[in-house]
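Visitor: Here it is, the structure in full.
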Amino acid sequence: MQLALLGGDLGLWDWRFHDGALGVNARWMEMLGLDPQGPPLTVESWGSRVHPDDLPTLDRLVRDVILNPAGTSFSAEVRARHADGRWIWILDQGAVTERGADGSPLRVTGTHLDITGRKNAEASLRESLAFSAAVLDSLGEHIAVLDGRGVIVAVNEAWRRFGRANGGNAAVVDAVGIDYLAICDASIGTPLGDEADETLAGIRAVLDGRTETFHLEYPCHSPTKQHWFRVSVVPMRGLLRGAVVSHTNITERKRAEERFRLVVEAAPNAMLLVDQDRRITLVNRKTEHLFGYDRHDLVGQPVECLVPEGFRGRHPSHVHDFFGNPRARAMGAGRELFGRRKDLTEVPIEIGLNPLETIDGTFTLASVIDITERKQAEAALRASESQYRQLFDSNPQPMWVFDVQTLAFLAVNPAAVAQYGYSRDEFLAMTVADIRTFEDAVRVRNYIAERHLGPRRSVRWTHRRKDGSSISVDVVSDPLDYGQRPARLVLAMDVTERERAEAAKTRLNEELEGYRDHLEGLVEVRTAELTAARQQADDANRAKSAFLANMSHEIRTPLNAIVGLNYLIRQGDITAEQSARLDKIDSAGQHLLSIINDVLDLSKIEAGRVQIEATDFHLSAILDNVQSIVADAARAKGLEILVDSNAVPMWLRGDPTRLRQALLNFASNAVKFTERGQISLRAKLLSDEGGELLVRFEVEDTGIGMTPEQLPRLFQAFEQADESITRKFGGTGLGLAISQRLARLMGGECGVESTAGIGSTFWFTAHLQRGHGVTPSGTSTVVAGADVQLRERHRGRRILLAEDNEVNLEVALAMLHGVGLHVDTAADGREALTLAQAGAYDLVLMDMQMPDIGGLEATRAIRALPGWQDCPIVALTANAFDEDRRACAAAGMNDFMSKPMDASALYACLLRWPDDVARAGPASQPSPIRR
């Protein structure tokens with residue numbers, strides 16, 4: 001016993017129960033840091049070193065084992081204080097080795113083992129496990145730790161949370177102890193069977209050490225949502241061998257990939273995704289179209305299949321260089337690139353490269369553009385440069401090109417050399433400032449400083465010629481790239497004479513403005529005389545109308561002679577040059593006639609002498625008529641005319657004449673100001689309230705358009721959007737003013753929407769009613785060939801012609817004789833009445849204004865003659881007012897011809913009267929006065 005107490009690594013103790021003496025060995029003393037030579041120990045001295053929290057444990061052992069006669073041995077882990085003050089853990093094991101006859105303990109023997117190191121290791125292990133669990137719980141992936149057999153030994157909080165969210169019970173949620181491989185095996189044969197089979201094989205390969213890792217992406221869709229997961233398996237080595245299985249929700253990544261695929265598919269260019277092994281992984285529809293391959297034939301193939309044979313050898317090194325320094329760049333800078341199609345043809349292309357970082361590594365996204373059309377356009381541009389140079393040199397207006405930065409002349413045309421007097425070499429040694437006058441020096445410097453060198457603009461300058469004389473020019477310039485230098489192309493128009501005329505007009509306007517101001521002052525002073533002033537204004541309007549009517553007659557009468565003589569000259573043998581000059585005379589006469597008509601219409605409207613009619617008409621008749629009138633002019637310019645009226649009832653009630661007039665004004669302007677594209681005539685129904693319709697008529701063109709600054713000047717009499725328009729296109733500026741006033745007379749309004757360089761839409765509205773009638777057949781009587789019809793149906797018929805103007809008489813006679821008619825002439829109304837009393841005639845052409853007895857008085861007198869009630873009498877007049885027409889009808893006239901008249905209109909008028917009209921007058925011999 002003594003040897004046992006002295007030897008071994010255990011602290012041995014022997015407790016004599018009856019007196020409390022405690023015997024220990026040196027190791028026991030050393031374990032507590034006590035001096036082996038110290039005072040004897042007792043159980044009480046040992047108890048004083050035990051941690052207070054562990055004393056209840058020792059008391060329980062004494063009570064339950066030592067004092068219990070049946071007790072034998074015990075074991076407990078307690079803390080004891082070391083001599084240096086620290087606490088150490090001791091494994092206290094012992095047994096009652098001797099008892100009295102009554103079973104009371106006499107001797108207890110045991111050992112003490114220092115287990116502080118083990119306890120510290122266990123604490124560290126607990127802390128490590130808690131840390132590992134916290135790390136796993138902090139991860140968003142669903143993680144399960146498997147042992148070597150594939151049984152789950154631990155899961156993280158994300159796994160448990162997923163299980164709870166999907167209705168799993170407690171065992172499934174915690175999952176510890178579940179055979180994961182068995183779950184995978186049981187899923188084979190389900191909708192996820194393929195993925196389960198592949199996952200099972202992958203986990204076993206990792207557990208067996210046949211592979212380092214395993215990854216698989218698989219769908220896991222619920223009835224309402226689609227989810228994608230990525231399973232990853234990695235080995236776990238150490239004391240616990242097994243594997244860590246993580247499930248990552250990649251739904252958002254999959255959706256992003258799908259969005260990426262959709263973007264690539266919708267891209268306007270061919271798009272390819274290439275991996276670092278140069279394999280094509282994704283293409284879009286444009287790629288199929290460009291290269292002629294099906295996408296399934298391309299995916300997985302090396303990208304060199306799209307590279308021409310001569311470049312394939314070098315291409316892999318280019319790909320390697322790109323992945324070595326991945327950045328967005330254009331491929332083949334400075335070189336022409338070609339792609340090879342499936343049919344082995346080559347196509348010129350441009351390629352843009354962009355690196356794309358993904359979870360699977362770096363890819364190249366290539367954008368490929370077919371530049372075939374651009375190459376062709378560049379070739380065409382080069383081919384046409386000489387043509388444009390010829391146009392530049394042949395322009396009759398001075399043109400030049402100057403450098404925007406230095407203002408130096410870069411090119412001039414012969415017209416500039418001729419107008420300014422400088423030679424071409426002298427121009428090229430000058431700047432644009434050198435042709436400015438001294439007075440313009442400050443303005444030039446300001447102009448250059450402000451750099452008014454943007455889009456096209458027209459500016460008026462005073463230029464100096466080589467001889468020192470000055471001219472006023474309107475300069476229009478446009479930006480131009482001239483040999484990689486920013487420049488301007490300039491067109492200069494000499495407006496010196498026009499400027500003088502404008503100055504005179506300005507002075508006149510200032511004088512008129514002074515008169516107006518003076519009149520306003522008189523109005524303020526003479527307010528009391530307002531009634532008399534109104535009467536004076538009415539008288540002035542009547543005088544104005546009478547004056548305009550007389551002026552219309554005085555202008556139309558000689559104009560009729562001009563047009564008629566032009567017609568007569570054409571009937572003879574003329575040369576081509578003479579014919580061209582006659583065309584110009586006819587065009588000038590028609591232009592003058594249109595001006596007279598516009599002035600008269602505006603005057604009648606302003607005087608309140610225009611009455612809006614209410615008759616039934618077919619809408620297509622108006623639109624088709626307007627289309628037919630402008631069709632020739634549009635066709636000559638290559639313009640297409642579209643008509644759309646489907647949204648409006650076909651039969652309407654209103655004034656078709658005024659609607660046609662307003663619409664024709666718009667359509668004529670559209671043709672005039674449109675060089676290419678199309679013109680659309682439209683009618684739209686804006687409202688329908690009990691049969692009362694509000695209809696909008698539109699004319700849309702693709703012409704020159706207008707700026708917002710020009711629009712306010714429209715619809716004003718004698719005004720156009722820009723005076724330069726008058727110079728280029730002509731016109732009086734009355735058409736739009738007349739259309740606006742007609743629209744207002746019909747209860748509507750008038751307006752325009754326009755964008756410069758894009759086109760314009762002119763519109764007006766009118767209040768109409770639903771009409772009734774028979775739909776027109778779509779065919780119309782063609783006046784062409786009326787002379788032939790007259791010869792066939794009316795040759796030899798007798799006409800009475802009353803006309804006091806010798807030239808007009810000569811013209812009319814030639815026209816009538818030309819179709820085989822017999823004509824008697826009268827120089828005034830009295831002579832016409834005498835002839836009517838003496839002879840019989842099939843039709844009378846009666847001039848309105850004649851000396852002695854006028855046309856109206858003569859007509860009334862002729863109608864009073866026996867047998868003259870039904871004979872057609874047609875008015876020939878230079879008066880074009882509606883009241884003139886009504887006066888003619890009231891006097892007994894059947895038809896109305898406005899001067900100047902042309903042969904086709906005259907023949908068409910004669911054909912309007914049926915063949916069976918009875919000849920008027922007594923059955924006597926023809927009058928001897930025959931022309």
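Residues are referred to by chain and number: the chain letter is A, B, ... according to the order shown in the structure tokens, the number counts from 1 in that chain, and ligands are numbered separately from 1 in the order shown.
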Compile the contact shell of stretch 390-404 of chain A as a PyMOL selection string: residues with an atom at most 6 Å away, counting only C-alpha atoms, same-chain residues fewer than 4 positions apart removed.

Guide: chain A and resi 408-413+415-416+486-492

Visitor: Pull C-alpha atoms from the residues just selected and write them as a JSON list (two decimals), in the first residue's frame.

Guide:
```
[["chain", "number", "residue", "atom", "x", "y", "z"],
["A", 408, "ALA", "CA", -10.54, 80.67, -95.54],
["A", 409, "PHE", "CA", -12.11, 79.93, -98.92],
["A", 410, "LEU", "CA", -11.64, 76.25, -99.82],
["A", 411, "ALA", "CA", -13.56, 76.15, -103.11],
["A", 412, "VAL", "CA", -15.52, 78.58, -105.33],
["A", 413, "ASN", "CA", -17.65, 78.05, -108.43],
["A", 415, "ALA", "CA", -20.55, 82.02, -110.86],
["A", 416, "ALA", "CA", -18.78, 83.44, -107.78],
["A", 486, "PRO", "CA", -15.41, 71.29, -90.65],
["A", 487, "ALA", "CA", -16.67, 73.65, -93.31],
["A", 488, "ARG", "CA", -19.78, 75.40, -94.66],
["A", 489, "LEU", "CA", -21.30, 75.23, -98.14],
["A", 490, "VAL", "CA", -22.60, 78.72, -99.04],
["A", 491, "LEU", "CA", -25.11, 79.87, -101.65],
["A", 492, "ALA", "CA", -25.17, 83.66, -102.22]]
```

Visitor: Can you list, as JSON, numbers by chain, every protein, DNA or RNA residue that comes within 8 Å of stretch 301-304 of chain A when you count only C-alpha atoms, leaving out same-chain residues fewer than 3 positions away?

Guide: {"A": [274, 277, 278, 279, 280, 297, 298, 307, 308, 312, 315]}

Visitor: Would you mind exporting all heavy atoms of the selected residues as a CSV table (one decimal), in the first residue's frame?

Guide:
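That gives us out-v1.csv:
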```csv
chain,number,residue,atom,x,y,z
A,274,VAL,N,-18.9,33.5,-76.6
A,274,VAL,CA,-17.8,32.5,-76.9
A,274,VAL,C,-17.0,32.4,-75.6
A,274,VAL,O,-16.7,33.3,-74.9
A,274,VAL,CB,-16.8,33.1,-78.0
A,274,VAL,CG1,-15.7,32.1,-78.2
A,274,VAL,CG2,-17.6,33.3,-79.2
A,277,ASP,N,-12.4,28.6,-74.4
A,277,ASP,CA,-12.0,27.5,-75.3
A,277,ASP,C,-12.4,27.8,-76.7
A,277,ASP,O,-12.3,26.9,-77.6
A,277,ASP,CB,-12.5,26.2,-74.9
A,277,ASP,CG,-12.0,25.7,-73.5
A,277,ASP,OD1,-10.8,26.1,-73.2
A,277,ASP,OD2,-12.8,25.1,-72.7
A,278,ARG,N,-12.8,29.0,-77.0
A,278,ARG,CA,-13.2,29.5,-78.3
A,278,ARG,C,-14.5,28.8,-78.8
A,278,ARG,O,-14.7,28.8,-80.0
A,278,ARG,CB,-12.1,29.4,-79.3
A,278,ARG,CG,-10.8,30.0,-78.9
A,278,ARG,CD,-9.8,30.0,-80.0
A,278,ARG,NE,-9.7,28.9,-80.9
A,278,ARG,CZ,-9.1,27.7,-80.6
A,278,ARG,NH1,-8.4,27.6,-79.4
A,278,ARG,NH2,-9.1,26.7,-81.4
A,279,ARG,N,-15.3,28.2,-77.9
A,279,ARG,CA,-16.5,27.5,-78.3
A,279,ARG,C,-17.7,28.5,-78.3
A,279,ARG,O,-17.8,29.2,-77.3
A,279,ARG,CB,-16.8,26.3,-77.4
A,279,ARG,CG,-15.7,25.2,-77.4
A,279,ARG,CD,-15.7,24.4,-78.7
A,279,ARG,NE,-14.6,23.5,-78.8
A,279,ARG,CZ,-14.4,22.7,-79.8
A,279,ARG,NH1,-15.3,22.7,-80.8
A,279,ARG,NH2,-13.4,21.9,-79.9
A,280,ILE,N,-18.5,28.4,-79.3
A,280,ILE,CA,-19.7,29.2,-79.3
A,280,ILE,C,-20.7,28.6,-78.3
A,280,ILE,O,-21.1,27.4,-78.5
A,280,ILE,CB,-20.3,29.3,-80.7
A,280,ILE,CG1,-19.3,29.9,-81.7
A,280,ILE,CG2,-21.6,30.1,-80.7
A,280,ILE,CD1,-19.7,29.8,-83.1
A,297,ASP,N,-26.5,24.2,-85.1
A,297,ASP,CA,-25.3,23.8,-85.8
A,297,ASP,C,-24.1,24.6,-85.3
A,297,ASP,O,-23.0,24.2,-85.5
A,297,ASP,CB,-25.5,24.1,-87.3
A,297,ASP,CG,-26.6,23.2,-87.9
A,297,ASP,OD1,-26.8,22.1,-87.3
A,297,ASP,OD2,-27.2,23.6,-88.9
A,298,LEU,N,-24.3,25.8,-84.7
A,298,LEU,CA,-23.2,26.7,-84.3
A,298,LEU,C,-22.8,26.4,-82.8
A,298,LEU,O,-21.6,26.5,-82.5
A,298,LEU,CB,-23.6,28.1,-84.5
A,298,LEU,CG,-23.6,28.7,-85.9
A,298,LEU,CD1,-24.1,30.1,-85.9
A,298,LEU,CD2,-22.2,28.6,-86.5
A,307,VAL,N,-14.8,32.1,-89.5
A,307,VAL,CA,-13.7,33.0,-89.9
A,307,VAL,C,-13.2,32.5,-91.3
A,307,VAL,O,-13.1,31.2,-91.5
A,307,VAL,CB,-12.5,32.9,-88.9
A,307,VAL,CG1,-11.3,33.6,-89.4
A,307,VAL,CG2,-13.0,33.4,-87.5
A,308,PRO,N,-12.9,33.3,-92.2
A,308,PRO,CA,-12.4,32.9,-93.5
A,308,PRO,C,-11.2,32.1,-93.4
A,308,PRO,O,-10.4,32.2,-92.5
A,308,PRO,CB,-12.2,34.2,-94.3
A,308,PRO,CG,-13.1,35.2,-93.6
A,308,PRO,CD,-13.2,34.8,-92.2
A,312,ARG,N,-7.9,31.8,-90.2
A,312,ARG,CA,-8.2,30.9,-89.1
A,312,ARG,C,-6.9,30.6,-88.3
A,312,ARG,O,-7.0,30.4,-87.1
A,312,ARG,CB,-8.7,29.6,-89.7
A,312,ARG,CG,-10.1,29.7,-90.2
A,312,ARG,CD,-10.7,28.4,-90.6
A,312,ARG,NE,-12.1,28.5,-91.1
A,312,ARG,CZ,-12.8,27.5,-91.5
A,312,ARG,NH1,-12.3,26.3,-91.5
A,312,ARG,NH2,-14.0,27.7,-92.0
A,315,HIS,N,-6.3,33.3,-85.7
A,315,HIS,CA,-7.4,33.7,-84.8
A,315,HIS,C,-7.3,33.2,-83.4
A,315,HIS,O,-7.6,34.0,-82.5
A,315,HIS,CB,-8.8,33.3,-85.4
A,315,HIS,CG,-9.9,33.8,-84.8
A,315,HIS,ND1,-10.6,33.2,-83.8
A,315,HIS,CD2,-10.5,35.1,-84.9
A,315,HIS,CE1,-11.6,33.9,-83.4
A,315,HIS,NE2,-11.6,35.1,-84.0
```

Visitor: Show which residues sit within 7 Å of A:Leu790, as a PyMOL selection string. Count only C-alpha atoms, and ignore same-chain residues fewer than 4 positions away.

Guide: chain A and resi 786+794-795+819+911

Visitor: To one decimal place, how far is atom CA of A:Leu136 from atom CA of A:Asn166 in Å?

Guide: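 The value is 20.4 Å.
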
Visitor: Could you work out how far atom CA of A:Val176 lies from atom CA of A:Val145, giving the answer in Å with one decimal?

Guide: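 The value is 8.9 Å.
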
Visitor: Neighbouring residues of A:Thr707 were defined as those with any atom within 10 Å, considering only C-alpha atoms; residues of the same chain fewer than 6 positions away were excluded. Please report them as JSON, numbers by chain.

Guide: {"A": [721, 754, 755, 756, 757]}

Visitor: What would the file look like if the residues just selected were written as a PDB file, in the first residue's frame with N, CA and C atoms?

Guide:
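out25.pdb, written as the output of this step:
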```pdb
ATOM      1  N   ALA A 721     -45.424  82.605 -95.470  1.00  0.00           N
ATOM      2  CA  ALA A 721     -44.607  82.324 -94.285  1.00  0.00           C
ATOM      3  C   ALA A 721     -43.262  83.020 -94.340  1.00  0.00           C
ATOM      4  N   SER A 754     -47.017  72.029 -88.437  1.00  0.00           N
ATOM      5  CA  SER A 754     -45.901  71.943 -89.394  1.00  0.00           C
ATOM      6  C   SER A 754     -44.581  71.828 -88.660  1.00  0.00           C
ATOM      7  N   THR A 755     -43.650  71.082 -89.278  1.00  0.00           N
ATOM      8  CA  THR A 755     -42.280  70.958 -88.784  1.00  0.00           C
ATOM      9  C   THR A 755     -41.339  71.198 -89.956  1.00  0.00           C
ATOM     10  N   ALA A 756     -40.419  72.117 -89.768  1.00  0.00           N
ATOM     11  CA  ALA A 756     -39.495  72.463 -90.848  1.00  0.00           C
ATOM     12  C   ALA A 756     -38.714  71.234 -91.285  1.00  0.00           C
ATOM     13  N   GLY A 757     -38.691  71.006 -92.598  1.00  0.00           N
ATOM     14  CA  GLY A 757     -37.965  69.878 -93.167  1.00  0.00           C
ATOM     15  C   GLY A 757     -38.720  68.563 -93.118  1.00  0.00           C
TER      16      GLY A 757
END
```

Visitor: Can you pull out the residues contacting A:Trp461? Cut-off 9 Å, using only C-alpha atoms, and skip same-chain residues under 6 positions away; I want them as a list of chain:residue names.

Guide: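 With the cut-off at 9 Å, the set is A:Arg436, A:Asp440, A:Ile471, A:Ser472, A:Val473, A:Asp474, A:Val475.
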
Visitor: I'd like to know which of A:Ser187, A:Gln740, A:Ser645, A:Thr859 is closest to A:Leu200, using only C-alpha atoms.

Guide: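 Ranking A:Ser187, A:Gln740, A:Ser645, A:Thr859 by distance to A:Leu200, first place goes to A:Ser187.
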
Visitor: Would you please give, as a VMD selection string, all residues of stretch 151-386 of chain A that DSSP assigns to alpha helix (DSSP H) based on the backbone?

Guide: chain A and resid 157 to 165 170 to 174 180 to 187 193 to 207 251 to 266 285 to 291 295 to 298 315 to 324 372 to 386

Visitor: So which residues touch A:Leu659 within 10 Å, counting only C-alpha atoms, skipping near sequence neighbours fewer than 6 positions away, as a list in words?

Guide: Leu619, Ile622, Leu623, Phe697, Ser739, Leu742, Ala743, Met746, Phe764, Thr765 and Ala766 of chain A

Visitor: Identify, with DSSP run on backbone atoms, the residues in stretch 378-439 of chain A assigned to strand (DSSP E), and express the list as a ChimeraX atom specification.

Guide: /A:399-403,409-412

Visitor: Work out how far atom CA of A:Lys899 is from atom CA of A:Met850, in Å to one decimal.

Guide: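 Distance reported for this atom pair: 14.6 Å.
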
Visitor: What lies within 12 Å of A:Ala864 using only C-alpha atoms, ignoring chain neighbours under 3 positions off, as a PyMOL selection string?

Guide: chain A and resi 833+836-837+857-861+867-871+891-892+920-921

Visitor: Export N, CA, C and O atoms of the chosen residues as a compact mmCIF listing (two decimals), in the first residue's frame?

Guide:
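Output saved as result22.txt:
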```txt
# COMPACT_ATOMS: atom_id res chain seq x y z
N LEU A 833 -80.77 92.20 -130.93
CA LEU A 833 -82.24 92.13 -130.92
C LEU A 833 -82.79 92.16 -132.34
O LEU A 833 -83.72 91.41 -132.68
N ALA A 836 -82.28 88.81 -133.93
CA ALA A 836 -83.20 87.82 -133.37
C ALA A 836 -84.59 87.97 -133.94
O ALA A 836 -85.32 86.99 -134.14
N GLN A 837 -85.01 89.22 -134.18
CA GLN A 837 -86.34 89.45 -134.76
C GLN A 837 -86.39 88.96 -136.21
O GLN A 837 -87.43 88.50 -136.69
N GLU A 857 -80.34 93.60 -120.79
CA GLU A 857 -81.52 94.24 -121.39
C GLU A 857 -81.87 93.58 -122.72
O GLU A 857 -83.05 93.32 -123.03
N ALA A 858 -80.84 93.24 -123.51
CA ALA A 858 -81.10 92.59 -124.79
C ALA A 858 -81.71 91.22 -124.59
O ALA A 858 -82.62 90.81 -125.34
N THR A 859 -81.25 90.48 -123.59
CA THR A 859 -81.80 89.14 -123.33
C THR A 859 -83.27 89.23 -122.94
O THR A 859 -84.11 88.44 -123.42
N ARG A 860 -83.61 90.19 -122.09
CA ARG A 860 -85.02 90.31 -121.69
C ARG A 860 -85.89 90.65 -122.91
O ARG A 860 -87.01 90.14 -123.05
N ALA A 861 -85.35 91.50 -123.77
CA ALA A 861 -86.12 91.87 -124.96
C ALA A 861 -86.28 90.68 -125.90
O ALA A 861 -87.35 90.46 -126.50
N GLY A 867 -91.56 82.81 -129.90
CA GLY A 867 -90.72 81.67 -130.26
C GLY A 867 -89.35 81.64 -129.61
O GLY A 867 -88.54 80.74 -129.90
N TRP A 868 -89.05 82.62 -128.77
CA TRP A 868 -87.73 82.70 -128.14
C TRP A 868 -87.73 82.27 -126.66
O TRP A 868 -86.76 82.49 -125.95
N GLN A 869 -88.78 81.61 -126.21
CA GLN A 869 -88.85 81.26 -124.78
C GLN A 869 -87.87 80.13 -124.40
O GLN A 869 -87.38 80.07 -123.27
N ASP A 870 -87.57 79.21 -125.34
CA ASP A 870 -86.77 78.03 -124.97
C ASP A 870 -85.38 78.01 -125.57
O ASP A 870 -84.59 77.10 -125.29
N CYS A 871 -85.07 78.96 -126.40
CA CYS A 871 -83.74 78.93 -127.04
C CYS A 871 -82.66 79.20 -125.98
O CYS A 871 -82.75 80.16 -125.21
N ALA A 891 -82.52 87.49 -115.92
CA ALA A 891 -82.83 88.10 -117.22
C ALA A 891 -83.28 87.06 -118.24
O ALA A 891 -83.74 87.43 -119.33
N GLY A 892 -83.12 85.76 -117.92
CA GLY A 892 -83.56 84.72 -118.83
C GLY A 892 -82.45 83.95 -119.48
O GLY A 892 -82.70 83.20 -120.43
N ALA A 920 -85.02 78.88 -132.34
CA ALA A 920 -85.85 80.03 -131.98
C ALA A 920 -85.95 81.00 -133.15
O ALA A 920 -85.08 81.06 -134.02
N GLY A 921 -87.02 81.81 -133.13
CA GLY A 921 -87.19 82.87 -134.14
C GLY A 921 -88.09 82.44 -135.28
O GLY A 921 -88.47 81.27 -135.41
```

Visitor: Measuring atom to atom with only C-alpha atoms, identify which of A:Ala501, A:Ile183, A:Ile359, A:Leu508 is nearest to A:Arg253.

Guide: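 Among the listed residues, A:Ile359 lies closest to A:Arg253.
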